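Asks: Sharing a structure below in structure tokens format, with a few things to ask.
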Amino acid sequence: MTTHTLMIQGTTSDAGKSTVVTGLCRLLQRRGVKVAPFKPQNMALNSAVTIDGGEIGRAQAVQAQAAGLEPHTDMNPVLLKPNTDTGAQIIIHGKPLSEMNARQYHDYKTTAMQAVLASYQRLTGQYDTILVEGAGSPAEINLRDRDIANMGFAEEVDCGVVLVGDIDRGGVFAQLVGTLELLSASECRRVKGFIINRFRGDITLLQPGLEWLQRHTGKPVIGVLPYLQGFHLEAEDALTTSQQLEQAKLRVIVPALPRISNHTDFDPLRLHPQIDFRYIPAGQDIPTADLIILPGSKSVQHDLQWLRQQGWEKVIQRHLRYGGRLIGICGGFQMLGTWLHDPEGTEGRKGSSRGLGLLEFETTLAEEKQLTRVEGHLPWDHAAVTGYEIHMGISHGPALQRPAVRTNNGTDGVLSADEQILGTYLHGLFESQAACTALLKWAGLSEAEAIDYHAIREGEIDRLADTLEQHLDTELLHRLVS
């Protein structure tokens, strides 16, 4: 079979690459095209467990949903999960390889490219069209050597590129033209056109600029996408905004840990019409709340130290004295115990740290990562819950005799004897409608509205596809992918 490939690159991080690929996946899927998303290299702490038991970036899992597919490790063969400012865990084909600093990984890229090409070849044997998402910007000239994320990949597989610029940031023409100026001649020829993203205002005032851009570069503007008010698509990595509601019936706060991971867990709460949801960054006063949630972390001991420095330990103790509810998810769950042991230095320096001591169990970090999809139910109303585990630690201790979740293959987490504290390794806890409603009632929202997060996500993907169909030259795009 003949497979067609088109790559979406951006002038900057967060220019809209993930969004465009997601919308195009749904657009092509509607037209009966067998399409698959692909991101050669991703750097993100938001991830998902795939059908083949591996780990990929969360954005690619959403793109797979848009294409009507189960996410697979071949859709994101290289995933980098930063655990310091200069180092990351390297995940190849869904499984952890090792920890590397930036220099070590740069030297490893030639090998990583072979993993990328192996995944790409497998996808081309199954699908009509591959929509590839770049990473960051192709104009990072210091990273051009051994590039596997942008033009290095495009040149290797000989595919066309569409360049996305974000007009909401300002200077979109400088973004687009400047990017072209920093590309090699062959890379520049590979760019087939431009998409301008997040436009607000009168399009007629933009028209002279569009005409100049096309004359100056000799490349077409495929379309101008409007700024979508209230649009929600799970973030690849950047921390999403809070939702502050003065008339909210439940107040939820989450510390914005330096190495916070899988904060997409909280999107159903951010979008809930009855909840005032807030991330609390460093240096900000910690408000009172009905529910405090400690999120996942890529560096648990480091983030626990940060919590203490920010005064969260005393806040949590006071919160519990006054009857508040507390949830710890994954790394946040590990913080609730008595001890954290890292004998091999898996997440930093070797050694042990005292946990918050709120539940009687200890966690030992191990080299083998747990990657599991989970189904089960909560203690309340036998509420069904689905999700996934992504963690390096193994927890043990008497507190685990009171599990928070009964799963399809055992138990998970802890529910304290007084039922004030819940700890779990389960990501996606609030995505199941019944589980979300049960947890909100437990937290104090007696008349909790039931929201269908899956339906919300589907609706937003369809809204995005409709927008692309209306504002892009779909006939030109069709020629580019065929």
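Just so we're on the same page: first chain in the structure tokens is A, next is B, and so on; residues restart at 1 for each chain, and ligands are numbered from 1 in the order they show up.
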Can you tell me, as a PDB file with C-alpha atoms, in the first residue's frame, what residues are no more than 7 Å from Asn262 in chain A when counting only C-alpha atoms, ignoring any on the same chain fewer than 6 positions away?
Replies:
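Result saved to selection-v9.pdb:
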```
ATOM      1  CA  LEU A  45       5.462  14.952  31.749  1.00  0.00           C
ATOM      2  CA  ASN A  46       1.873  14.285  30.672  1.00  0.00           C
ATOM      3  CA  SER A  47       1.741  10.737  29.378  1.00  0.00           C
ATOM      4  CA  GLY A 296       1.893  13.158  40.349  1.00  0.00           C
TER       5      GLY A 296
END
```
Asks: Give me, as a Markdown table, the closest atom pair and its distance (Å, one decimal) for every residue of range 216-303 of chain A within a cut-off of 12 Å of range 79-96 of chain A, counting only C-alpha atoms, rows sorted by chain and rising number.
Replies:
```
| residue | atom | partner | partner_atom | distance |
| --- | --- | --- | --- | --- |
| A:Glu236 | CA | A:Leu79 | CA | 11.8 |
| A:Asp237 | CA | A:Lys81 | CA | 10.2 |
| A:Leu257 | CA | A:Asn83 | CA | 11.9 |
| A:Pro258 | CA | A:Asn83 | CA | 9.5 |
| A:Arg259 | CA | A:Asn83 | CA | 6.7 |
| A:Ile260 | CA | A:Asn83 | CA | 9.8 |
| A:Ser261 | CA | A:Lys81 | CA | 9.1 |
| A:Asn262 | CA | A:Lys81 | CA | 11.1 |
| A:Ser297 | CA | A:Asn83 | CA | 9.0 |
| A:Lys298 | CA | A:Asn83 | CA | 5.7 |
| A:Ser299 | CA | A:Asn83 | CA | 5.9 |
| A:Val300 | CA | A:Asn83 | CA | 9.7 |
| A:Gln301 | CA | A:Asn83 | CA | 11.2 |
| A:His302 | CA | A:Asn83 | CA | 9.4 |
| A:Asp303 | CA | A:Asn83 | CA | 10.5 |
```
Asks: Of the residues A:Val161, A:Met392, A:Ile316, A:Leu326, which is the one nearest to Asp342 in chain A, using only C-alpha atoms?
Replies: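 Closest residue, counting only C-alpha atoms: A:Met392.
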Asks: Among range 286-394 of chain A, which residues carry a DSSP assignment of alpha helix (DSSP H), reported as a list in words?
Replies: Val300, Gln301, His302, Asp303, Leu304, Gln305, Trp306, Leu307, Arg308, Gln309, Trp312, Glu313, Lys314, Val315, Ile316, Gln317, Arg318, His319, Leu320, Arg321, Gly331, Gly332, Phe333, Gln334 and Met335 of chain A
Asks: Give me the residues of range 34-133 of chain A that have any atom at most 12 Å from an atom of range 461-471 of chain A; for each, the nearest atom pair and the distance in Å, rounded to one decimal. Use only C-alpha atoms, sort by chain and number, and format it as a tab-separated table.
Replies:
```
residue	atom	partner	partner_atom	distance
A:Val62	CA	A:Ile461	CA	9.0
A:Gln63	CA	A:Ile461	CA	9.1
A:Ala64	CA	A:Ile461	CA	11.2
A:Gln65	CA	A:Ile461	CA	9.0
A:Ala66	CA	A:Ile461	CA	6.6
A:Ala67	CA	A:Ile461	CA	10.1
A:Gly68	CA	A:Ile461	CA	11.3
```
Asks: Those residues with C-alpha atoms, as a PDB file, in the first residue's frame please?
Replies:
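This went into part.pdb:
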```pdb
ATOM      1  CA  VAL A  62      -5.696  12.335  22.226  1.00  0.00           C
ATOM      2  CA  GLN A  63      -4.703  12.440  18.541  1.00  0.00           C
ATOM      3  CA  ALA A  64      -5.248   8.684  18.378  1.00  0.00           C
ATOM      4  CA  GLN A  65      -8.745   9.212  19.777  1.00  0.00           C
ATOM      5  CA  ALA A  66      -9.355  11.821  17.082  1.00  0.00           C
ATOM      6  CA  ALA A  67      -8.320   9.250  14.463  1.00  0.00           C
ATOM      7  CA  GLY A  68     -10.594   6.610  16.013  1.00  0.00           C
TER       8      GLY A  68
END
```
Asks: Extract the full set of strand (DSSP E or B) residues from range 339-397 of chain A according to DSSP on the backbone, and format it as number ranges by chain.
Replies: A: 339-342, 351-354, 362-377, 384-396
Asks: Record the distance separating CA of Asp418 in chain A and CA of Asp381 in chain A, expressed in Å with one decimal.
Replies: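 Computed distance, CA of Asp418 in chain A to CA of Asp381 in chain A, equals 17.6 Å.
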Asks: Write out as a PyMOL selection string the residues lying within 9 Å of Lys34 in chain A, counting only C-alpha atoms and excluding same-chain residues fewer than 6 positions away.
Replies: chain A and resi 28+67+126-130
Asks: Write the residues you've just listed into a file as a JSON list (two decimals), in the first residue's frame, and include N, CA and C atoms for each of them.
Replies:
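Listing of part08.json after writing:
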```
[["chain", "number", "residue", "atom", "x", "y", "z"],
["A", 28, "LEU", "N", -9.79, 13.81, 8.55],
["A", 28, "LEU", "CA", -9.52, 12.71, 7.62],
["A", 28, "LEU", "C", -10.28, 11.45, 8.02],
["A", 67, "ALA", "N", -8.40, 10.10, 15.65],
["A", 67, "ALA", "CA", -8.32, 9.25, 14.46],
["A", 67, "ALA", "C", -9.14, 7.97, 14.61],
["A", 126, "GLN", "N", 0.39, 0.11, 7.82],
["A", 126, "GLN", "CA", -0.97, -0.09, 8.32],
["A", 126, "GLN", "C", -1.95, 1.02, 7.94],
["A", 127, "TYR", "N", -1.43, 2.21, 7.60],
["A", 127, "TYR", "CA", -2.32, 3.36, 7.42],
["A", 127, "TYR", "C", -2.10, 4.04, 6.08],
["A", 128, "ASP", "N", -3.17, 4.73, 5.61],
["A", 128, "ASP", "CA", -3.10, 5.47, 4.35],
["A", 128, "ASP", "C", -2.29, 6.75, 4.49],
["A", 129, "THR", "N", -2.46, 7.41, 5.65],
["A", 129, "THR", "CA", -1.85, 8.72, 5.88],
["A", 129, "THR", "C", -1.24, 8.77, 7.27],
["A", 130, "ILE", "N", -0.04, 9.34, 7.36],
["A", 130, "ILE", "CA", 0.60, 9.58, 8.65],
["A", 130, "ILE", "C", 0.72, 11.10, 8.82]]
```
Asks: Nearest residue to Asp276 in chain A out of A:Gly134, A:Val254, A:Gln175, A:Glu367, using only C-alpha atoms?
Replies: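 Closest candidate: A:Val254.
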Asks: Which neighbours of Lys369 in chain A fall inside 10 Å, counting only C-alpha atoms, when residues of the same chain fewer than 4 positions from it are skipped, and could you give them as a list in words?
Replies: Gly54, Glu55, Lys95, Pro96, Leu365, Glu389, Ile390, His391, Met392, Gly393 and Ile394 of chain A
Asks: For CA of His272 in chain A and CA of Phe333 in chain A, determine how far apart the two atoms are, in Å to one decimal place.
Replies: 23.4 Å
